[in-house]
>>> print(open('protein28.txt').read())   # compact mmCIF, C-alpha atoms
# COMPACT_ATOMS: atom_id res chain seq x y z
CA MET N 211 13.57 -15.29 62.10
CA LYS N 212 9.84 -15.94 61.73
CA HIS N 213 7.34 -14.84 64.33
CA ARG N 214 6.15 -17.98 66.14
CA ILE N 215 2.43 -18.20 66.89
CA VAL N 216 1.40 -21.15 69.04
CA VAL N 217 -2.28 -22.02 69.48
CA LEU N 218 -3.19 -24.25 72.42
CA GLY N 219 -6.38 -26.17 71.71
CA ALA N 220 -8.16 -26.88 68.42
CA GLY N 221 -11.77 -26.62 69.46
CA TYR N 222 -14.15 -24.21 67.79
CA ALA N 223 -12.30 -21.11 69.00
CA GLY N 224 -8.71 -22.33 68.58
CA ALA N 225 -9.20 -23.90 65.16
CA TYR N 226 -11.06 -20.83 63.91
CA VAL N 227 -8.39 -18.37 65.02
CA ALA N 228 -5.52 -20.52 63.71
CA GLY N 229 -7.18 -20.92 60.32
CA THR N 230 -7.99 -17.23 60.00
CA LEU N 231 -4.46 -16.17 60.94
CA ALA N 232 -3.07 -18.60 58.37
CA ARG N 233 -5.33 -17.06 55.73
CA ARG N 234 -4.34 -13.48 56.47
CA LEU N 235 -0.68 -13.53 57.55
CA SER N 236 2.24 -14.09 55.22
CA PRO N 237 4.08 -17.40 55.78
CA ALA N 238 7.28 -15.53 54.94
CA ASP N 239 7.06 -13.83 58.34
CA THR N 240 5.11 -16.22 60.54
CA GLU N 241 4.82 -19.87 61.50
CA ILE N 242 1.69 -21.17 63.20
CA THR N 243 1.66 -24.28 65.38
CA VAL N 244 -1.51 -25.79 66.81
CA VAL N 245 -1.22 -28.08 69.83
CA ASN N 246 -4.17 -30.38 70.51
CA ALA N 247 -4.49 -33.42 72.74
CA VAL N 248 -6.34 -35.50 70.12
CA PRO N 249 -5.88 -35.74 66.34
CA ASP N 250 -9.48 -34.97 65.44
CA PHE N 251 -11.79 -31.98 65.65
CA VAL N 252 -14.36 -32.57 68.39
CA GLN N 253 -17.85 -31.17 67.89
CA ARG N 254 -18.37 -30.49 71.56
CA MET N 255 -21.84 -29.08 71.01
CA ARG N 256 -22.90 -32.48 69.73
CA LEU N 257 -21.33 -34.75 72.33
CA HIS N 258 -24.69 -35.40 73.96
CA GLN N 259 -25.87 -36.72 70.59
CA LEU N 260 -22.79 -38.93 70.35
CA ALA N 261 -23.49 -40.34 73.81
CA ALA N 262 -27.12 -41.02 72.86
CA GLY N 263 -25.95 -43.24 70.01
CA GLN N 264 -25.80 -41.00 66.96
CA ASP N 265 -22.95 -40.83 64.46
CA ILE N 266 -21.17 -37.48 64.79
CA GLU N 267 -18.49 -36.43 62.35
CA ALA N 268 -14.98 -35.89 63.75
CA PRO N 269 -12.73 -34.51 60.97
CA GLN N 270 -9.02 -35.21 61.26
CA LEU N 271 -7.14 -32.02 62.12
CA ALA N 272 -4.39 -32.97 59.69
CA ASP N 273 -7.00 -32.80 56.93
CA VAL N 274 -8.56 -29.64 58.30
CA PHE N 275 -5.24 -27.77 58.26
CA ALA N 276 -3.93 -29.30 55.02
CA GLY N 277 -2.74 -26.61 52.65
CA THR N 278 -2.74 -23.86 55.29
CA GLY N 279 0.90 -24.12 56.37
CA ILE N 280 -0.25 -24.73 59.95
CA ARG N 281 1.88 -27.20 61.90
CA LEU N 282 -0.13 -29.67 63.99
CA ARG N 283 1.32 -31.11 67.19
CA VAL N 284 -0.83 -33.83 68.73
CA ALA N 285 0.16 -33.56 72.37
CA ARG N 286 -1.19 -32.66 75.79
CA VAL N 287 -0.25 -29.29 77.23
CA THR N 288 1.33 -29.78 80.67
CA ALA N 289 2.65 -26.31 81.49
CA VAL N 290 2.92 -22.73 80.27
CA ASP N 291 5.87 -20.47 81.11
CA PRO N 292 4.91 -16.96 79.98
CA GLU N 293 8.14 -15.47 81.32
CA ARG N 294 10.37 -17.68 79.15
CA ARG N 295 7.68 -17.93 76.44
CA PHE N 296 7.66 -21.68 76.38
CA VAL N 297 4.94 -24.32 76.44
CA ALA N 298 5.62 -27.82 77.77
CA VAL N 299 3.82 -30.70 76.07
CA ALA N 300 3.61 -34.46 76.51
CA ASP N 301 3.04 -36.98 73.73
CA ALA N 302 3.87 -40.56 72.78
CA ASP N 303 7.48 -39.57 72.14
CA GLY N 304 7.93 -38.02 75.55
CA GLY N 305 7.03 -34.44 74.68
CA GLY N 306 9.20 -31.36 75.01
CA GLU N 307 8.98 -27.59 74.86
CA LEU N 308 7.68 -25.20 72.22
CA GLY N 309 8.84 -21.61 72.13
CA TYR N 310 6.50 -18.84 71.04
CA ASP N 311 6.35 -15.13 70.34
CA THR N 312 2.55 -14.95 70.47
CA LEU N 313 0.46 -17.50 72.36
CA LEU N 314 -3.25 -18.11 71.90
CA TYR N 315 -4.67 -20.02 74.89
CA ALA N 316 -7.82 -21.92 73.87
CA LEU N 317 -7.82 -25.01 76.06
CA GLY N 318 -11.48 -24.57 76.99
CA SER N 319 -13.16 -26.23 79.95
CA HIS N 320 -14.07 -29.68 81.20
CA GLY N 321 -16.78 -31.20 83.33
CA THR N 322 -16.39 -30.98 87.08
CA VAL N 323 -17.96 -32.90 89.95
CA ARG N 324 -16.66 -30.43 92.52
CA ALA N 325 -17.05 -31.72 96.08
CA VAL N 326 -19.73 -34.37 95.50
CA PRO N 327 -18.47 -37.65 97.00
CA ASP N 328 -17.69 -40.46 94.54
CA ALA N 329 -19.17 -38.62 91.54
CA ALA N 330 -15.80 -38.71 89.77
CA GLU N 331 -15.70 -42.50 90.15
CA HIS N 332 -19.29 -43.39 89.31
CA ALA N 333 -20.71 -40.61 87.11
CA PHE N 334 -20.36 -40.10 83.35
CA ASP N 335 -20.15 -36.77 81.53
CA VAL N 336 -20.43 -35.41 78.00
CA ALA N 337 -17.73 -32.73 78.23
CA ALA N 338 -15.22 -34.66 76.11
CA ARG N 339 -15.38 -37.23 73.33
CA PRO N 340 -13.82 -40.14 75.31
CA SER N 341 -16.23 -39.67 78.23
CA ALA N 342 -19.20 -39.34 75.85
CA LEU N 343 -18.17 -42.60 74.18
CA ARG N 344 -17.91 -44.33 77.58
CA LEU N 345 -21.45 -43.21 78.36
CA ARG N 346 -22.60 -44.44 74.95
CA GLU N 347 -21.12 -47.87 75.65
CA ARG N 348 -22.89 -47.98 78.99
CA LEU N 349 -26.22 -47.00 77.45
CA ASP N 350 -25.76 -49.69 74.79
CA SER N 351 -25.37 -52.31 77.49
CA LEU N 352 -28.47 -51.05 79.31
CA ASP N 353 -30.48 -51.09 76.11
CA SER N 354 -29.56 -54.70 75.52
CA LEU N 355 -31.07 -55.63 78.91
CA GLY N 356 -34.52 -54.42 78.00
CA ARG N 357 -36.70 -54.60 74.93
CA ARG N 358 -36.01 -51.73 72.56
CA GLY N 359 -38.84 -49.39 71.72
CA ARG N 360 -40.82 -49.85 74.95
CA ARG N 361 -40.17 -46.96 77.27
CA GLY N 362 -38.63 -47.65 80.63
CA GLU N 363 -38.11 -51.40 80.23
CA GLY N 364 -34.35 -51.04 79.99
CA GLY N 365 -32.06 -49.38 82.51
CA ARG N 366 -32.44 -46.21 84.54
CA VAL N 367 -30.52 -43.05 83.65
CA VAL N 368 -30.23 -40.08 86.00
CA VAL N 369 -28.99 -36.75 84.57
CA VAL N 370 -27.78 -34.34 87.26
CA GLY N 371 -27.86 -30.66 86.29
CA ASP N 372 -30.54 -28.55 84.68
CA GLY N 373 -28.34 -26.22 82.63
CA LEU N 374 -28.47 -26.33 78.85
CA THR N 375 -26.14 -29.35 78.70
CA GLY N 376 -28.24 -31.30 81.19
CA ILE N 377 -31.49 -30.51 79.39
CA GLU N 378 -30.07 -31.44 76.00
CA THR N 379 -28.52 -34.66 77.32
CA ALA N 380 -31.68 -35.85 79.06
CA THR N 381 -33.97 -35.14 76.10
CA GLU N 382 -31.53 -36.63 73.57
CA ILE N 383 -31.16 -39.89 75.51
CA ALA N 384 -34.91 -40.15 76.13
CA GLU N 385 -35.72 -39.68 72.44
CA SER N 386 -32.91 -41.85 71.03
CA ARG N 387 -33.31 -44.67 73.56
CA PRO N 388 -37.01 -45.03 74.46
CA GLY N 389 -36.30 -48.31 76.27
CA LEU N 390 -34.49 -46.42 79.03
CA SER N 391 -36.06 -44.60 81.95
CA VAL N 392 -34.62 -41.05 82.20
CA ALA N 393 -34.76 -38.69 85.20
CA LEU N 394 -33.49 -35.09 85.28
CA VAL N 395 -32.41 -33.63 88.63
CA ALA N 396 -32.68 -29.82 88.88
CA ARG N 397 -31.27 -27.87 91.80
CA GLY N 398 -33.94 -25.19 91.33
CA GLU N 399 -36.92 -24.78 89.03
CA LEU N 400 -36.52 -26.49 85.66
CA GLY N 401 -35.71 -23.87 83.01
CA ALA N 402 -35.68 -21.06 85.58
CA ARG N 403 -33.63 -18.82 83.27
CA LEU N 404 -36.06 -19.24 80.38
CA SER N 405 -39.14 -17.16 79.69
CA ALA N 406 -42.51 -18.43 80.93
CA GLY N 407 -43.51 -19.64 77.48
CA ALA N 408 -40.20 -21.37 76.80
CA ARG N 409 -40.29 -22.96 80.25
CA SER N 410 -43.75 -24.34 79.54
CA HIS N 411 -42.53 -25.71 76.20
CA LEU N 412 -39.63 -27.45 77.96
CA ARG N 413 -41.93 -29.07 80.49
CA GLN N 414 -44.22 -30.34 77.76
CA ALA N 415 -41.22 -31.82 75.95
CA CYS N 416 -40.16 -33.67 79.10
CA VAL N 417 -43.67 -35.07 79.51
CA ARG N 418 -43.77 -36.14 75.86
CA LEU N 419 -40.41 -37.90 76.17
CA GLY N 420 -41.29 -39.56 79.46
CA ILE N 421 -38.59 -37.76 81.48
CA THR N 422 -39.09 -37.64 85.24
CA VAL N 423 -38.13 -34.18 86.51
CA LEU N 424 -37.09 -33.63 90.13
CA GLU N 425 -36.94 -29.92 90.94
CA HIS N 426 -35.36 -28.15 93.94
CA THR N 427 -33.26 -31.23 94.57
CA GLY N 428 -29.63 -31.20 95.60
CA VAL N 429 -27.30 -34.18 95.16
CA GLU N 430 -25.02 -35.16 98.04
CA ALA N 431 -23.38 -38.32 96.70
CA VAL N 432 -23.21 -40.60 93.68
CA GLU N 433 -22.89 -44.33 94.13
CA ALA N 434 -22.54 -47.14 91.61
CA THR N 435 -26.28 -47.86 91.47
CA ARG N 436 -27.96 -44.82 92.99
CA VAL N 437 -27.89 -41.06 93.51
CA LEU N 438 -28.31 -39.75 97.06
CA CYS N 439 -30.23 -36.50 97.34
CA ALA N 440 -30.06 -33.86 100.07
CA ASP N 441 -33.62 -34.59 101.21
CA GLY N 442 -32.77 -38.22 101.86
CA THR N 443 -34.19 -39.56 98.61
CA ALA N 444 -32.22 -42.32 96.91
CA LEU N 445 -32.65 -42.51 93.13
CA ALA N 446 -31.91 -45.86 91.54
CA SER N 447 -29.50 -45.32 88.66
CA ASP N 448 -27.76 -47.63 86.23
CA ALA N 449 -26.00 -44.67 84.59
CA THR N 450 -25.57 -41.28 86.26
CA VAL N 451 -24.66 -38.39 83.95
CA TRP N 452 -23.08 -35.36 85.61
CA THR N 453 -23.63 -32.02 83.85
CA ALA N 454 -23.73 -29.69 86.85
CA GLY N 455 -20.79 -27.42 86.14
CA PHE N 456 -17.64 -26.84 84.13
CA ALA N 457 -14.11 -25.87 85.11
CA VAL N 458 -10.84 -24.87 83.45
CA ASP N 459 -7.47 -26.53 83.96
CA PRO N 460 -5.08 -24.82 86.41
CA ILE N 461 -2.29 -24.61 83.82
CA ALA N 462 -2.61 -20.86 83.31
CA ALA N 463 -2.71 -20.15 87.04
CA VAL N 464 0.28 -22.35 87.79
CA GLY N 465 2.21 -20.66 84.98
CA GLY N 466 1.80 -17.25 86.59
CA LEU N 467 -0.80 -15.67 84.32
CA GLU N 468 -3.33 -13.45 86.06
CA VAL N 469 -6.49 -15.49 86.49
CA THR N 470 -9.82 -15.34 88.29
CA GLU N 471 -10.73 -17.58 91.23
CA ASN N 472 -11.98 -20.26 88.83
CA GLY N 473 -8.77 -20.18 86.76
CA GLN N 474 -9.91 -18.17 83.73
CA ILE N 475 -7.29 -15.85 82.24
CA VAL N 476 -8.08 -12.18 82.83
CA VAL N 477 -8.01 -10.37 79.49
CA ASP N 478 -8.56 -6.84 78.21
CA ARG N 479 -11.11 -5.84 75.59
CA THR N 480 -8.96 -7.37 72.83
CA MET N 481 -8.58 -10.77 74.55
CA ARG N 482 -5.01 -9.98 75.57
CA SER N 483 -3.77 -11.14 78.95
CA VAL N 484 -3.57 -8.21 81.35
CA SER N 485 -0.41 -9.64 82.91
CA HIS N 486 1.45 -10.99 79.86
CA PRO N 487 0.97 -9.04 76.60
CA ASN N 488 2.18 -11.84 74.35
CA VAL N 489 -0.64 -14.14 75.49
CA TYR N 490 -4.25 -14.08 74.27
CA ALA N 491 -7.10 -16.20 75.63
CA VAL N 492 -10.42 -17.12 74.02
CA GLY N 493 -13.50 -19.20 74.74
CA ASP N 494 -14.07 -20.77 78.14
CA SER N 495 -10.42 -20.12 79.09
CA ALA N 496 -10.93 -16.33 79.05
CA HIS N 497 -12.50 -14.03 81.61
CA ALA N 498 -13.80 -11.47 79.13
CA ILE N 499 -16.13 -8.58 79.89
CA GLY N 500 -18.92 -8.27 77.35
CA ASP N 501 -20.38 -5.09 75.93
CA ASN N 502 -23.02 -5.13 78.69
CA GLY N 503 -20.32 -4.87 81.37
CA ARG N 504 -20.78 -8.45 82.53
CA PRO N 505 -18.41 -11.41 82.15
CA LEU N 506 -19.23 -13.55 79.13
CA PRO N 507 -20.52 -16.96 80.24
CA MET N 508 -18.88 -20.25 79.35
CA SER N 509 -20.93 -20.96 76.26
CA CYS N 510 -20.87 -21.79 72.59
CA ALA N 511 -21.50 -18.20 71.54
CA SER N 512 -18.69 -16.75 73.67
CA ALA N 513 -16.07 -18.82 71.85
CA GLY N 514 -17.00 -17.28 68.52
CA TYR N 515 -17.05 -13.68 69.69
CA THR N 516 -13.83 -13.89 71.70
CA GLY N 517 -12.11 -15.80 68.89
CA ARG N 518 -12.97 -13.14 66.35
CA GLN N 519 -11.77 -10.35 68.64
CA ALA N 520 -8.48 -12.09 69.39
CA THR N 521 -7.90 -12.64 65.67
CA GLU N 522 -8.35 -8.96 64.88
CA ALA N 523 -6.09 -7.94 67.77
CA ILE N 524 -3.27 -10.28 66.80
CA LEU N 525 -3.46 -9.26 63.15
CA GLY N 526 -3.52 -5.58 63.99
CA ARG N 527 -0.62 -5.64 66.40
CA LEU N 528 1.62 -7.87 64.30
CA THR N 529 1.09 -5.92 61.08
CA GLY N 530 0.97 -2.44 62.61
CA ARG N 531 -2.55 -1.86 61.35
CA LYS N 532 -5.83 -0.87 62.94
CA ILE N 533 -7.36 -3.25 65.46
CA ALA N 534 -11.04 -3.87 64.84
CA ILE N 535 -13.02 -3.93 68.07
CA THR N 536 -15.76 -6.48 67.43
CA LYS N 537 -18.91 -7.19 69.38
CA LEU N 538 -18.78 -9.14 72.63
CA VAL N 539 -22.36 -10.06 73.36
CA TYR N 540 -24.48 -12.88 74.69
CA ALA N 541 -27.67 -12.56 72.69
CA TYR N 542 -29.49 -15.89 72.65
CA ASN N 543 -29.87 -19.45 73.86
CA HIS N 544 -30.59 -22.30 71.48
CA ILE N 545 -31.54 -25.59 73.12
CA SER N 546 -32.11 -28.88 71.35
CA LEU N 547 -34.80 -31.15 72.78
CA GLY N 548 -34.01 -34.22 70.74
CA ARG N 549 -33.80 -34.14 66.96
CA ARG N 550 -37.29 -32.80 66.25
CA ASP N 551 -37.81 -30.17 68.92
CA GLY N 552 -35.96 -27.21 70.38
CA ILE N 553 -36.09 -23.73 71.85
CA LEU N 554 -34.55 -20.55 70.44
CA LEU N 555 -34.69 -17.71 72.94
CA MET N 556 -33.24 -14.20 72.84
CA VAL N 557 -31.84 -12.54 75.98
CA ASP N 558 -31.46 -8.87 76.91
CA ASP N 559 -28.37 -6.92 78.01
CA GLU N 560 -28.88 -8.14 81.57
CA GLY N 561 -28.85 -11.75 80.45
CA GLN N 562 -32.57 -12.11 81.15
CA ALA N 563 -34.77 -14.07 78.74
CA LYS N 564 -37.07 -12.09 76.48
CA PRO N 565 -40.73 -13.17 76.48
CA LYS N 566 -40.96 -14.43 72.89
CA TYR N 567 -39.34 -17.64 71.78
CA VAL N 568 -39.30 -20.07 68.86
CA GLY N 569 -40.03 -23.70 69.65
CA GLY N 570 -40.59 -27.03 67.94
CA ARG N 571 -39.17 -28.21 64.63
CA LYS N 572 -38.29 -24.71 63.45
CA ALA N 573 -36.03 -24.15 66.47
CA ALA N 574 -34.50 -27.59 65.96
CA ARG N 575 -33.69 -26.75 62.33
CA VAL N 576 -32.11 -23.42 63.34
CA LYS N 577 -29.93 -25.16 65.93
CA ALA N 578 -28.89 -27.82 63.41
CA GLY N 579 -28.07 -25.12 60.88
CA ILE N 580 -25.83 -23.28 63.35
CA LEU N 581 -23.98 -26.48 64.19
CA ASN N 582 -23.51 -27.38 60.54
CA MET N 583 -22.27 -23.89 59.73
CA SER N 584 -19.78 -24.00 62.59
CA LEU N 585 -18.41 -27.37 61.50
CA TRP N 586 -18.10 -26.32 57.87
CA ALA N 587 -16.36 -23.03 58.66
CA THR N 588 -13.92 -24.72 61.01
CA SER N 589 -13.24 -27.58 58.60
CA HIS N 590 -12.50 -25.25 55.66
CA PRO N 591 -9.93 -22.74 56.96
CA THR N 592 -8.57 -22.09 53.46
CA PHE N 593 -11.94 -20.91 52.13
CA GLY N 594 -11.59 -17.34 50.91
CA MET N 595 -7.79 -17.50 51.08
CA PRO N 596 -6.59 -14.03 50.03
CA LYS N 597 -4.13 -13.76 47.16
CA ARG N 598 -2.13 -11.19 49.07
CA LYS N 599 -1.33 -11.84 52.71
CA ARG N 600 -0.25 -9.28 55.29
CA ARG N 601 3.42 -8.91 56.14
CA LEU N 602 4.50 -8.24 59.69
CA ALA N 603 5.58 -4.84 60.92
CA ALA N 604 9.26 -4.39 61.63
CA ALA N 605 8.62 -4.39 65.38
CA PRO N 606 5.19 -5.84 66.31
CA ASP N 607 3.61 -4.00 69.22
CA ALA N 608 3.92 -5.79 72.57
CA THR N 609 2.59 -3.14 74.95
CA PRO N 610 -0.89 -3.44 76.48
CA GLU N 611 -3.21 -0.58 75.72
CA LYS N 612 -6.83 0.31 76.37
CA ALA N 613 -9.18 -0.74 73.58
CA ARG N 614 -12.23 1.18 72.54
CA ILE N 615 -15.56 -0.64 72.57
CA GLY N 616 -17.50 -0.64 69.33
CA GLY N 617 -14.85 0.80 67.04
CA ILE N 618 -11.42 0.35 65.54
CA TYR N 619 -8.43 0.87 67.77
CA ASP N 620 -5.49 2.19 65.76
CA VAL N 621 -2.18 1.52 67.49
CA ARG N 622 -0.76 4.45 65.55
CA ASN N 623 -3.62 6.84 66.30
CA PRO N 624 -5.74 5.59 69.23
CA GLU N 625 -7.85 8.73 69.46
CA LYS N 626 -9.68 8.16 66.17
CA PRO N 627 -11.75 4.98 66.31
CA THR N 628 -13.99 4.05 63.39
CA ARG N 629 -17.14 1.97 63.76
CA VAL N 630 -17.12 -1.59 62.43
CA GLU N 631 -19.51 -4.49 62.80
CA SER N 632 -18.49 -8.08 63.29
CA GLY N 633 -19.77 -10.93 61.18
CA THR N 634 -21.49 -14.07 62.40
CA PRO N 635 -19.22 -15.85 64.90
CA LEU N 636 -18.66 -19.55 65.21
CA THR N 637 -20.45 -21.08 68.15
CA ARG N 638 -19.52 -23.66 70.82
CA ARG N 639 -20.96 -25.10 73.90
>>> encode(input="protein28.txt", output="structure tokens")
Amino acid sequence: MKHRIVVLGAGYAGAYVAGTLARRLSPADTEITVVNAVPDFVQRMRLHQLAAGQDIEAPQLADVFAGTGIRLRVARVTAVDPERRFVAVADADGGGELGYDTLLYALGSHGTVRAVPDAAEHAFDVAARPSALRLRERLDSLDSLGRRGRRGEGGRVVVVGDGLTGIETATEIAESRPGLSVALVARGELGARLSAGARSHLRQACVRLGITVLEHTGVEAVEATRVLCADGTALASDATVWTAGFAVDPIAAVGGLEVTENGQIVVDRTMRSVSHPNVYAVGDSAHAIGDNGRPLPMSCASAGYTGRQATEAILGRLTGRKIAITKLVYAYNHISLGRRDGILLMVDDEGQAKPKYVGGRKAARVKAGILNMSLWATSHPTFGMPKRKRRLAAAPDATPEKARIGGIYDVRNPEKPTRVESGTPLTRR
């Protein structure tokens, strides 16, 4: 009987791991099934561009996985039972259950409005393609009310949240739709986590794009036509965009996997669940400790690093070979400020911004290059397909063990690690 590998989620991390496993494992021993709620690959890092009105490619997953032997199941995951090793799914045919021997959990995160009254009803977000398209439709209607090309004569857009997603969304909308008036609400200082130089560059970009910035402002409620702030200010808004936070679905917690308070699956150094050794988690779904001893943030970079580590761990354990321990770092932030401007900023081991940064068109080109590389790599899983694929060991290891940081962990000889370096990971917001 073949070893059944089920991958939940086909975002950057899930699609990457599934494709790599298909390249390197023999189909004589394994079958790989990918479960995804939609039939296309969503470029989540570009959803703010989609909302602003730009055409963003969405390759069909059936085409992406063609020729790999990967089975695609377009369905929504409703439950995970790690004790029985089953996943429950729902689709147009009613759904059912999928059994697995190894599970890769890559369902990612979604936008959250937390406890803000009526935000779920009245606010838009850019955390998923359908919601980004709804925002795009709304912005189209606002644009039609004013005269295009003259700033502020259309509708009023309020972006709540000054994280990277909020900054990118506000600048993208302001640049792509100059007829709209855009305001950005920041709970603290705008760009507080950036270096002084990068923060100054961000402020200048907001001035250039005509964005009104409200700092040290909390939001207490969102209504249909305004945003109510903690200081009593009421901001008129024809479209409120909520970017102040992300959350994971409670599926893992309900299923009995060990999770953190926010629902992320607790994993060891190889991305293996500490409570259920046949389950691996990557990306925003995983609570992974980086090489600096701190949890990796929900970010584009974390998906690539955790995905690569999980791939090496699954390959090593199933084939009885050495497990490469790859880097788990958070090294930089790249922020787009429209299509012609951006910020590329390195961070230290404490997650603090380094003084130097790259800004302007050069940073924008670097960001675009990273996005294009990620899309290409994910869309071409058969590239570099080896002629000889690895066969499974007679009895794949299923016992958790301590991994060594910065080396190779050999399940047959754990006391002799050998240094390896990881390649460039895929990235994801």
>>> residues_around(input="protein28.txt", residues="Pro591 of chain N", least_positions_apart="3", cutoff="9 Å", atoms="only C-alpha atoms", output="MDAnalysis selection string")
chainID N and resid 225:226 228:230 232:233 274:275 278 586:588 594:595
>>> write_last_selection(input="protein28.txt", atoms="C-alpha atoms", output="PDB file, in the frame of the given file")
ATOM      1  CA  ALA N 225      -9.200 -23.900  65.160  1.00  0.00           C
ATOM      2  CA  TYR N 226     -11.060 -20.830  63.910  1.00  0.00           C
ATOM      3  CA  ALA N 228      -5.520 -20.520  63.710  1.00  0.00           C
ATOM      4  CA  GLY N 229      -7.180 -20.920  60.320  1.00  0.00           C
ATOM      5  CA  THR N 230      -7.990 -17.230  60.000  1.00  0.00           C
ATOM      6  CA  ALA N 232      -3.070 -18.600  58.370  1.00  0.00           C
ATOM      7  CA  ARG N 233      -5.330 -17.060  55.730  1.00  0.00           C
ATOM      8  CA  VAL N 274      -8.560 -29.640  58.300  1.00  0.00           C
ATOM      9  CA  PHE N 275      -5.240 -27.770  58.260  1.00  0.00           C
ATOM     10  CA  THR N 278      -2.740 -23.860  55.290  1.00  0.00           C
ATOM     11  CA  TRP N 586     -18.100 -26.320  57.870  1.00  0.00           C
ATOM     12  CA  ALA N 587     -16.360 -23.030  58.660  1.00  0.00           C
ATOM     13  CA  THR N 588     -13.920 -24.720  61.010  1.00  0.00           C
ATOM     14  CA  GLY N 594     -11.590 -17.340  50.910  1.00  0.00           C
ATOM     15  CA  MET N 595      -7.790 -17.500  51.080  1.00  0.00           C
TER      16      MET N 595
END
>>> closest_residue(input="protein28.txt", among="N:Val464, N:Val458, N:Ala604, N:Ile377", to="Val423 of chain N", atoms="all atoms listed in the file")
N:Ile377
>>> closest_residue(input="protein28.txt", among="N:Glu385, N:Asp265, N:Asp328, N:Glu347", to="Val437 of chain N", atoms="all atoms listed in the file")
N:Asp328
>>> residues_around(input="protein28.txt", residues="His213 of chain N", least_positions_apart="4", cutoff="12 Å", atoms="all atoms listed in the file", output="list in words")
Leu235, Ser236, Pro237, Ala238, Asp239, Thr240, Glu241, Ile242, Thr243, Gly309, Tyr310, Asp311, Thr312, Leu313, Asn488, Ile524, Leu528, Thr529, Arg601, Leu602, Ala603, Ala604, Ala605 and Pro606 of chain N
>>> closest_residue(input="protein28.txt", among="N:Pro340, N:Gly455, N:Gly579, N:Gly561", to="Gly373 of chain N", atoms="all atoms listed in the file")
N:Gly455
>>> residues_near_point(input="protein28.txt", point="(-2.9, -9.7, 77.6)", cutoff="12 Å", atoms="only C-alpha atoms", output="ChimeraX atom specification")
/N:292,312-315,467-469,475-492,496-498,520,523-524,608-613
>>> residues_around(input="protein28.txt", residues="Gly365 of chain N", least_positions_apart="4", cutoff="7 Å", atoms="all atoms listed in the file", output="ChimeraX atom specification")
/N:352-353,390-391,448
>>> closest_residue(input="protein28.txt", among="N:Gly428, N:Gly389, N:Gly305, N:Gly318", to="Asp494 of chain N", atoms="all atoms listed in the file")
N:Gly318
>>> residues_near_point(input="protein28.txt", point="(-11.2, -31.8, 55.7)", cutoff="7 Å", atoms="all atoms listed in the file", output="PyMOL selection string")
chain N and resi 269-270+273-274+589-590
>>> atom_distance(input="protein28.txt", atom1="atom CA of Ala261 of chain N", atom2="atom CA of Leu345 of chain N")
5.8 Å
>>> closest_residue(input="protein28.txt", among="N:His320, N:Arg403, N:Arg549, N:Arg397", to="Val429 of chain N", atoms="all atoms listed in the file")
N:Arg397
